[in-house]
$ cat final-v1.cif   # mmCIF, C-alpha atoms and all ligand atoms
data_start
loop_
_atom_site.label_atom_id
_atom_site.label_comp_id
_atom_site.auth_asym_id
_atom_site.auth_seq_id
_atom_site.Cartn_x
_atom_site.Cartn_y
_atom_site.Cartn_z
CA MET A 1 111.54 139.02 122.20
CA LEU A 2 110.45 142.63 121.83
CA LEU A 3 108.18 143.84 124.64
CA ILE A 4 105.50 146.39 123.82
CA ARG A 5 103.67 148.35 126.50
CA CYS A 6 99.89 148.19 126.05
CA PRO A 7 98.27 151.35 127.47
CA TYR A 8 95.08 149.40 128.26
CA CYS A 9 96.74 146.39 129.93
CA GLU A 10 99.13 148.85 131.60
CA GLU A 11 102.14 146.60 131.19
CA GLU A 12 104.73 145.37 128.72
CA ARG A 13 103.63 142.32 126.77
CA PRO A 14 105.37 140.05 124.25
CA GLU A 15 105.30 141.25 120.64
CA LEU A 16 103.54 138.05 119.47
CA GLU A 17 100.32 139.38 121.03
CA PHE A 18 100.35 142.51 118.85
CA ARG A 19 99.61 143.41 115.25
CA HIS A 20 100.64 146.49 113.30
CA ALA A 21 97.72 148.55 111.99
CA GLY A 22 99.15 151.30 109.80
CA GLU A 23 99.91 154.97 110.20
CA ALA A 24 98.20 156.83 113.05
CA HIS A 25 96.51 160.23 113.19
CA LEU A 26 95.14 160.08 109.64
CA VAL A 27 92.13 162.36 109.50
CA ARG A 28 89.25 161.09 107.39
CA PRO A 29 88.02 163.89 105.12
CA SER A 30 84.58 165.19 106.08
CA ASN A 31 83.25 165.13 102.52
CA ILE A 32 84.91 162.43 100.42
CA THR A 33 82.52 162.85 97.45
CA ALA A 34 83.67 166.44 96.93
CA MET A 35 87.38 165.58 96.83
CA SER A 36 89.55 165.55 93.76
CA ASP A 37 91.05 162.21 92.76
CA GLU A 38 94.50 163.53 93.65
CA ASP A 39 93.40 164.53 97.16
CA PHE A 40 91.67 161.19 97.67
CA GLU A 41 94.78 159.34 96.52
CA GLY A 42 96.78 161.34 99.05
CA TYR A 43 94.39 160.49 101.87
CA PHE A 44 93.83 156.86 100.94
CA PHE A 45 97.13 155.57 99.59
CA ILE A 46 100.01 157.89 100.29
CA ARG A 47 101.83 157.39 103.58
CA SER A 48 104.75 159.35 104.92
CA ASN A 49 106.97 156.30 105.67
CA PRO A 50 109.81 158.32 107.18
CA LYS A 51 113.14 157.04 108.40
CA GLY A 52 113.15 157.65 112.14
CA LEU A 53 110.18 158.38 114.38
CA VAL A 54 106.78 157.21 113.14
CA TYR A 55 103.33 157.48 114.70
CA GLU A 56 101.55 154.16 114.20
CA ARG A 57 98.38 152.31 115.14
CA TRP A 58 98.92 148.98 116.82
CA ARG A 59 96.44 146.43 118.09
CA HIS A 60 96.84 144.19 121.14
CA ILE A 61 94.93 141.60 119.17
CA HIS A 62 95.82 138.53 121.25
CA GLY A 63 95.46 140.42 124.53
CA CYS A 64 92.85 143.04 125.37
CA ALA A 65 92.13 143.35 121.60
CA ARG A 66 92.21 147.17 121.76
CA PHE A 67 93.73 149.51 119.15
CA PHE A 68 96.22 152.05 120.46
CA ASN A 69 98.91 154.35 119.09
CA ALA A 70 102.66 154.07 119.33
CA VAL A 71 105.72 156.15 118.50
CA ARG A 72 108.40 153.91 117.06
CA ASP A 73 111.84 154.53 115.62
CA THR A 74 112.10 152.72 112.29
CA VAL A 75 115.90 152.75 112.49
CA THR A 76 116.26 151.09 115.90
CA ASP A 77 112.80 149.41 116.03
CA LYS A 78 112.55 150.87 119.53
CA PHE A 79 109.13 151.87 120.84
CA VAL A 80 109.51 155.38 122.27
CA THR A 81 106.03 155.50 123.81
CA THR A 82 102.51 154.08 123.46
CA TYR A 83 99.23 155.82 124.24
CA LYS A 84 95.49 155.18 124.05
CA ALA A 85 93.52 155.65 120.84
CA GLY A 86 91.97 159.09 120.62
CA GLU A 87 94.66 160.78 122.69
CA PRO A 88 96.63 163.57 121.00
CA LYS A 89 100.12 163.06 119.60
CA PRO A 90 102.42 163.01 122.62
CA ASP A 91 104.83 165.85 123.13
CA LEU A 92 108.13 164.03 122.85
CA GLY A 93 109.92 166.81 124.72
CA LYS A 94 113.61 166.48 124.10
CA PRO A 95 114.00 163.73 121.50
CA LYS A 96 117.77 164.13 121.58
CA ALA A 97 117.87 162.99 125.19
CA ARG A 98 115.53 160.07 124.53
CA LEU A 99 117.11 158.93 121.30
CA PRO A 100 120.86 159.18 121.64
CA ARG A 101 121.54 157.42 118.32
CA LYS A 102 119.45 159.90 116.38
CA SER A 103 120.94 162.88 118.16
CA ALA A 104 124.39 161.56 117.28
CA ARG A 105 123.38 161.56 113.62
CA GLU A 106 121.94 165.05 113.84
CA ASN A 107 125.18 166.35 115.26
CA VAL A 108 127.06 165.27 112.16
CA GLY A 109 128.03 168.29 110.13
CA LYS A 110 127.74 170.63 113.11
CA GLY A 111 131.38 170.34 114.00
CA LYS A 112 130.93 167.39 116.34
CA PRO A 113 132.13 164.08 114.86
CA ALA A 114 129.69 161.19 115.26
CA LYS A 115 131.17 158.27 117.14
CA GLY A 116 131.02 154.75 115.74
CA ARG A 117 128.32 155.39 113.16
CA ALA A 118 128.69 156.76 109.68
CA GLU A 119 126.34 159.38 108.34
CA PRO A 120 123.73 157.57 106.20
CA ARG A 121 123.68 158.72 102.59
CA MET B 1 58.27 103.59 105.26
CA ALA B 2 57.45 105.10 108.65
CA ARG B 3 58.73 102.00 110.34
CA ALA B 4 62.01 102.23 108.41
CA ALA B 5 62.44 105.86 109.45
CA ARG B 6 61.80 105.01 113.07
CA ARG B 7 64.33 102.24 112.94
CA LEU B 8 66.91 104.66 111.47
CA SER B 9 66.29 107.21 114.23
CA GLU B 10 66.86 104.52 116.80
CA GLN B 11 70.23 103.79 115.23
CA ILE B 12 71.46 107.39 115.38
CA ASN B 13 73.30 108.25 118.57
CA LEU B 14 72.30 111.83 119.48
CA SER B 15 74.34 112.14 122.65
CA ARG B 16 76.93 114.93 122.79
CA ARG B 17 80.59 113.91 122.55
CA PRO B 18 82.69 116.48 124.39
CA ALA B 19 85.99 117.54 122.83
CA LEU B 20 89.06 115.86 124.36
CA GLU B 21 86.83 113.28 126.06
CA GLY B 22 89.04 110.75 127.81
CA SER B 23 92.28 112.60 127.03
CA GLU B 24 94.79 112.76 129.83
CA THR B 25 98.53 113.35 130.11
CA VAL B 26 100.19 112.45 133.37
CA MET B 27 103.85 113.21 133.98
CA PRO B 28 105.63 113.16 137.34
CA TRP B 29 105.59 116.98 137.61
CA VAL B 30 102.66 118.07 135.52
CA THR B 31 99.28 116.80 134.34
CA VAL B 32 97.11 117.96 131.43
CA ARG B 33 93.39 117.19 131.52
CA PRO B 34 90.22 118.60 129.95
CA SER B 35 88.33 120.78 132.44
CA GLY B 36 84.96 119.18 131.75
CA PRO B 37 81.89 121.08 130.58
CA LEU B 38 81.48 124.73 131.57
CA SER B 39 78.82 127.31 130.95
CA ARG B 40 80.41 130.41 129.34
CA LEU B 41 79.40 133.96 128.52
CA SER B 42 81.26 136.48 126.40
CA LEU B 43 80.27 139.76 128.03
CA ARG B 44 80.78 143.29 126.72
CA ALA B 45 79.48 146.33 128.57
CA PRO B 46 80.30 149.99 129.25
CA GLU B 47 81.28 151.24 132.70
CA ALA B 48 77.72 152.42 133.45
CA SER B 49 76.31 148.88 133.24
CA VAL B 50 78.94 147.16 135.36
CA SER B 51 77.21 147.38 138.74
CA ALA B 52 73.87 146.04 137.44
CA LEU B 53 75.62 143.16 135.66
CA SER B 54 77.69 142.37 138.75
CA LYS B 55 74.52 142.21 140.84
CA ALA B 56 72.79 139.89 138.37
CA LEU B 57 75.79 137.56 138.15
CA GLY B 58 76.50 137.59 141.88
CA VAL B 59 80.16 138.37 141.15
CA THR B 60 81.68 141.85 140.91
CA LEU B 61 83.11 142.36 137.42
CA PRO B 62 86.84 143.05 137.86
CA GLY B 63 87.98 146.41 136.46
CA LYS B 64 91.72 145.92 136.74
CA PRO B 65 93.69 144.53 133.78
CA LYS B 66 94.64 140.84 134.08
CA SER B 67 92.41 140.28 137.13
CA SER B 68 89.55 137.88 137.86
CA ALA B 69 86.81 137.48 140.45
CA GLU B 70 85.28 134.24 141.69
CA LYS B 71 82.31 133.37 143.87
CA ALA B 72 80.45 130.10 144.40
CA GLY B 73 81.83 128.31 141.36
CA ARG B 74 81.29 131.28 139.04
CA ALA B 75 84.31 133.19 137.71
CA VAL B 76 84.58 136.44 135.77
CA LEU B 77 87.83 137.05 133.87
CA TRP B 78 88.87 140.54 132.67
CA LEU B 79 89.80 140.32 128.97
CA GLY B 80 89.71 143.99 127.97
CA PRO B 81 88.53 147.42 129.18
CA ASP B 82 84.89 146.54 128.43
CA GLU B 83 85.11 142.78 127.94
CA TRP B 84 84.84 139.78 130.28
CA LEU B 85 84.63 135.98 130.04
CA VAL B 86 82.22 134.44 132.57
CA LEU B 87 82.70 130.78 133.48
CA ASP B 88 80.38 128.62 135.56
CA GLY B 89 80.98 124.97 136.40
CA ALA B 90 77.49 124.10 137.61
CA GLY B 91 74.93 126.74 136.71
CA ASN B 92 73.63 127.74 133.31
CA LEU B 93 74.67 131.28 132.40
CA ALA B 94 72.43 131.56 129.33
CA SER B 95 69.59 133.17 131.28
CA ALA B 96 71.62 134.81 134.07
CA LEU B 97 71.44 138.32 132.59
CA GLN B 98 67.96 138.20 131.09
CA GLY B 99 66.48 140.74 133.49
CA VAL B 100 69.26 143.30 133.16
CA LYS B 101 67.97 146.48 131.48
CA GLN B 102 71.32 148.28 131.28
CA PHE B 103 73.10 148.22 127.93
CA HIS B 104 75.28 145.16 127.42
CA SER B 105 76.04 142.28 125.08
CA ALA B 106 76.11 138.72 126.45
CA VAL B 107 76.75 135.83 124.08
CA ASP B 108 76.59 132.21 125.21
CA VAL B 109 79.90 130.70 124.07
CA SER B 110 79.68 127.54 126.20
CA HIS B 111 80.40 125.26 123.25
CA ARG B 112 82.80 127.57 121.42
CA ASN B 113 85.53 127.00 124.00
CA VAL B 114 87.18 123.98 125.56
CA GLY B 115 88.90 124.19 128.93
CA ILE B 116 92.19 122.42 129.70
CA VAL B 117 93.65 122.21 133.20
CA VAL B 118 97.46 122.18 133.46
CA ALA B 119 98.48 121.36 137.01
CA GLY B 120 101.60 120.48 138.97
CA GLU B 121 104.96 121.99 139.75
CA GLY B 122 105.93 121.87 136.06
CA ALA B 123 102.76 123.63 134.87
CA GLU B 124 104.42 127.02 134.48
CA ALA B 125 107.30 125.53 132.45
CA ALA B 126 104.93 123.49 130.28
CA LEU B 127 102.84 126.56 129.41
CA ASN B 128 105.90 128.69 128.75
CA ALA B 129 106.87 126.24 126.01
CA GLY B 130 104.34 128.07 123.84
CA CYS B 131 103.17 131.07 125.84
CA PRO B 132 105.60 134.02 125.61
CA GLY B 133 104.30 135.87 128.70
CA ASP B 134 106.03 136.04 132.08
CA LEU B 135 104.19 133.43 134.18
CA SER B 136 106.24 133.81 137.35
CA LEU B 137 104.17 134.30 140.51
CA ALA B 138 105.32 137.91 140.74
CA ALA B 139 104.16 138.83 137.24
CA PHE B 140 101.20 136.44 136.94
CA PRO B 141 99.89 135.82 140.49
CA VAL B 142 97.08 133.49 141.55
CA GLY B 143 93.84 134.86 140.08
CA ALA B 144 95.61 136.53 137.14
CA CYS B 145 94.10 135.96 133.71
CA SER B 146 94.77 137.12 130.19
CA ARG B 147 94.07 136.46 126.58
CA THR B 148 97.42 135.47 125.06
CA VAL B 149 98.94 132.92 122.67
CA LEU B 150 100.02 129.28 122.98
CA GLY B 151 102.13 128.20 120.04
CA LYS B 152 100.07 129.06 116.98
CA ILE B 153 96.71 129.64 118.68
CA GLU B 154 95.02 132.22 120.86
CA ILE B 155 94.06 131.16 124.38
CA VAL B 156 92.73 132.63 127.60
CA LEU B 157 95.01 131.73 130.48
CA TRP B 158 93.86 131.86 134.11
CA ARG B 159 96.00 130.97 137.12
CA LYS B 160 93.70 129.26 139.64
CA ALA B 161 96.44 128.30 142.10
CA GLU B 162 100.21 128.51 142.28
CA HIS B 163 100.54 125.25 140.38
CA GLU B 164 97.22 125.13 138.53
CA PHE B 165 96.35 126.91 135.29
CA HIS B 166 93.11 126.88 133.33
CA VAL B 167 93.53 127.21 129.55
CA GLU B 168 90.53 128.20 127.40
CA CYS B 169 90.86 127.62 123.67
CA TRP B 170 88.47 127.45 120.76
CA ARG B 171 86.91 124.02 120.30
CA SER B 172 88.44 123.36 116.87
CA PHE B 173 91.89 124.20 118.30
CA SER B 174 91.54 121.91 121.32
CA ASP B 175 93.32 118.92 119.76
CA TYR B 176 96.25 121.20 118.84
CA ALA B 177 96.33 122.76 122.33
CA PHE B 178 96.22 119.40 124.06
CA ALA B 179 98.88 117.85 121.83
CA PHE B 180 101.10 120.93 122.23
CA LEU B 181 100.81 120.85 126.01
CA THR B 182 101.43 117.11 126.07
CA GLU B 183 104.65 117.61 124.10
CA ALA B 184 105.58 120.47 126.45
CA THR B 185 105.19 118.29 129.55
CA ARG B 186 108.05 116.11 128.30
CA ASP B 187 110.41 119.04 128.82
CA ALA B 188 108.74 120.36 131.97
CA GLY B 189 110.71 118.46 134.55
CA GLN B 190 111.29 119.21 138.19
CA PRO B 191 111.40 123.01 138.57
ZN ZN A 201 96.25 145.25 125.99
#

$ encode --input "final-v1.cif" --output "structure tokens"
Amino acid sequence: MLLIRCPYCEEERPELEFRHAGEAHLVRPSNITAMSDEDFEGYFFIRSNPKGLVYERWRHIHGCARFFNAVRDTVTDKFVTTYKAGEPKPDLGKPKARLPRKSARENVGKGKPAKGRAEPR
Amino acid sequence: MARAARRLSEQINLSRRPALEGSETVMPWVTVRPSGPLSRLSLRAPEASVSALSKALGVTLPGKPKSSAEKAGRAVLWLGPDEWLVLDGAGNLASALQGVKQFHSAVDVSHRNVGIVVAGEGAEAALNAGCPGDLSLAAFPVGACSRTVLGKIEIVLWRKAEHEFHVECWRSFSDYAFAFLTEATRDAGQP
């Protein structure tokens, strides 16, 4: 079972206690009534959904019940880090050192052959 | 007419029937029994109110995740950064915080929950049949408590002794919890 570190419980807990809660760091517009429909659609419906690192809200719903934020790799499903709600986006420093599989992909085409994993098309 | 109504009222049994009344599972290494009635408070409060609430309850509200405090039959379990479950076996908690002026929310949930005691050397194994957390003494020591899951339901788990756990579940889930734990005891043999 996947273990997820809850920043409020200060320990890794089984994934069954958690629930996904959408993309993190979305800023609610200060004046929604003045927005164009296109801008509102962008804020309300359109999500980045990238392949790789995503910033997400999660909730420790069957534990301390708190919402928090997490950085997760959608390719490996690995949680890179979790942090309390309201805290700024963490500086991930050297992602290549932390995510060897991604750095291997990034090296493709730079003269260094990737080992054991084909370049996704 | 009045006499008929009186006779009807005499026929209605108004006594409370506790959930899981009379239920009991006894295996060589583990037993499952209802805890009996408890007075319960769901307590939410910011940091600034904690000392006043602790004084009124007579128990210091624990601030550390997964920890509990107990004094004279009254226990306070940490559930979240500003949330506690208060349990009392004898007293009535409904009025315990009436005089506290500091901001807080206290809801009497005495009859929302049902307590189940899982005891014996196989208790840890029985609970782990449906609870995914690490319940070893190192990770979940005596006094540890947490909201977590048991099979398909949410519970609050509290380790009262090395081989004794208290399970709190919602009343309507108590039959499921008891039946699940009873099934689990069949596999929870000698550790
Ligand atoms: Zn938590």

$ interface_residues --input "final-v1.cif" --of "chain B" --to "chain A" --cutoff "9 Å" --atoms "all atoms listed in the file" --output "PyMOL selection string"
chain B and resi 64-66+78-81+83+132-134+146-149+154-156

$ residues_around --input "final-v1.cif" --residues "Pro7 of chain A" --least-positions-apart "4" --cutoff "7 Å" --atoms "all atoms listed in the file" --output "list in words"
Thr82, Tyr83 and Lys84 of chain A

$ closest_residue --input "final-v1.cif" --among "A:Ala21, A:Thr81, A:Pro29, A:Pro88" --to "Glu41 of chain A" --atoms "only C-alpha atoms"
A:Pro29

$ residues_around --input "final-v1.cif" --residues "Thr74 of chain A" --least-positions-apart "3" --cutoff "9 Å" --atoms "only C-alpha atoms" --output "ChimeraX atom specification"
/A:50-54,77-78

$ closest_residue --input "final-v1.cif" --among "A:Phe79, A:Phe40, A:Trp58, A:Phe67" --to "Gly22 of chain A" --atoms "only C-alpha atoms"
A:Trp58

$ residues_around --input "final-v1.cif" --residues "segment 158-168 of chain B" --least-positions-apart "4" --cutoff "8 Å" --atoms "all atoms listed in the file" --output "list of chain:residue names"
B:Ser35, B:Leu77, B:Asn113, B:Val114, B:Gly115, B:Ile116, B:Val117, B:Val118, B:Ala119, B:Gly120, B:Glu121, B:Gly122, B:Ala123, B:Glu124, B:Leu137, B:Phe140, B:Pro141, B:Val142, B:Gly143, B:Ala144, B:Cys145, B:Ser146

$ closest_residue --input "final-v1.cif" --among "B:Asp82, B:Gly99, B:Trp170, B:Lys71" --to "ligand ZN 201 (chain A)" --atoms "only C-alpha atoms and all ligand atoms"
B:Asp82

$ residues_around --input "final-v1.cif" --residues "segment 45-57 of chain B" --least-positions-apart "3" --cutoff "8 Å" --atoms "all atoms listed in the file" --output "tab-separated table (two decimals) with C-alpha atoms, keeping the file's coordinate frame"
chain	number	residue	atom	x	y	z
B	60	THR	CA	81.68	141.85	140.91
B	61	LEU	CA	83.11	142.36	137.42
B	82	ASP	CA	84.89	146.54	128.43
B	83	GLU	CA	85.11	142.78	127.94
B	96	ALA	CA	71.62	134.81	134.07
B	97	LEU	CA	71.44	138.32	132.59
B	100	VAL	CA	69.26	143.30	133.16
B	102	GLN	CA	71.32	148.28	131.28
B	103	PHE	CA	73.10	148.22	127.93
B	104	HIS	CA	75.28	145.16	127.42
B	105	SER	CA	76.04	142.28	125.08
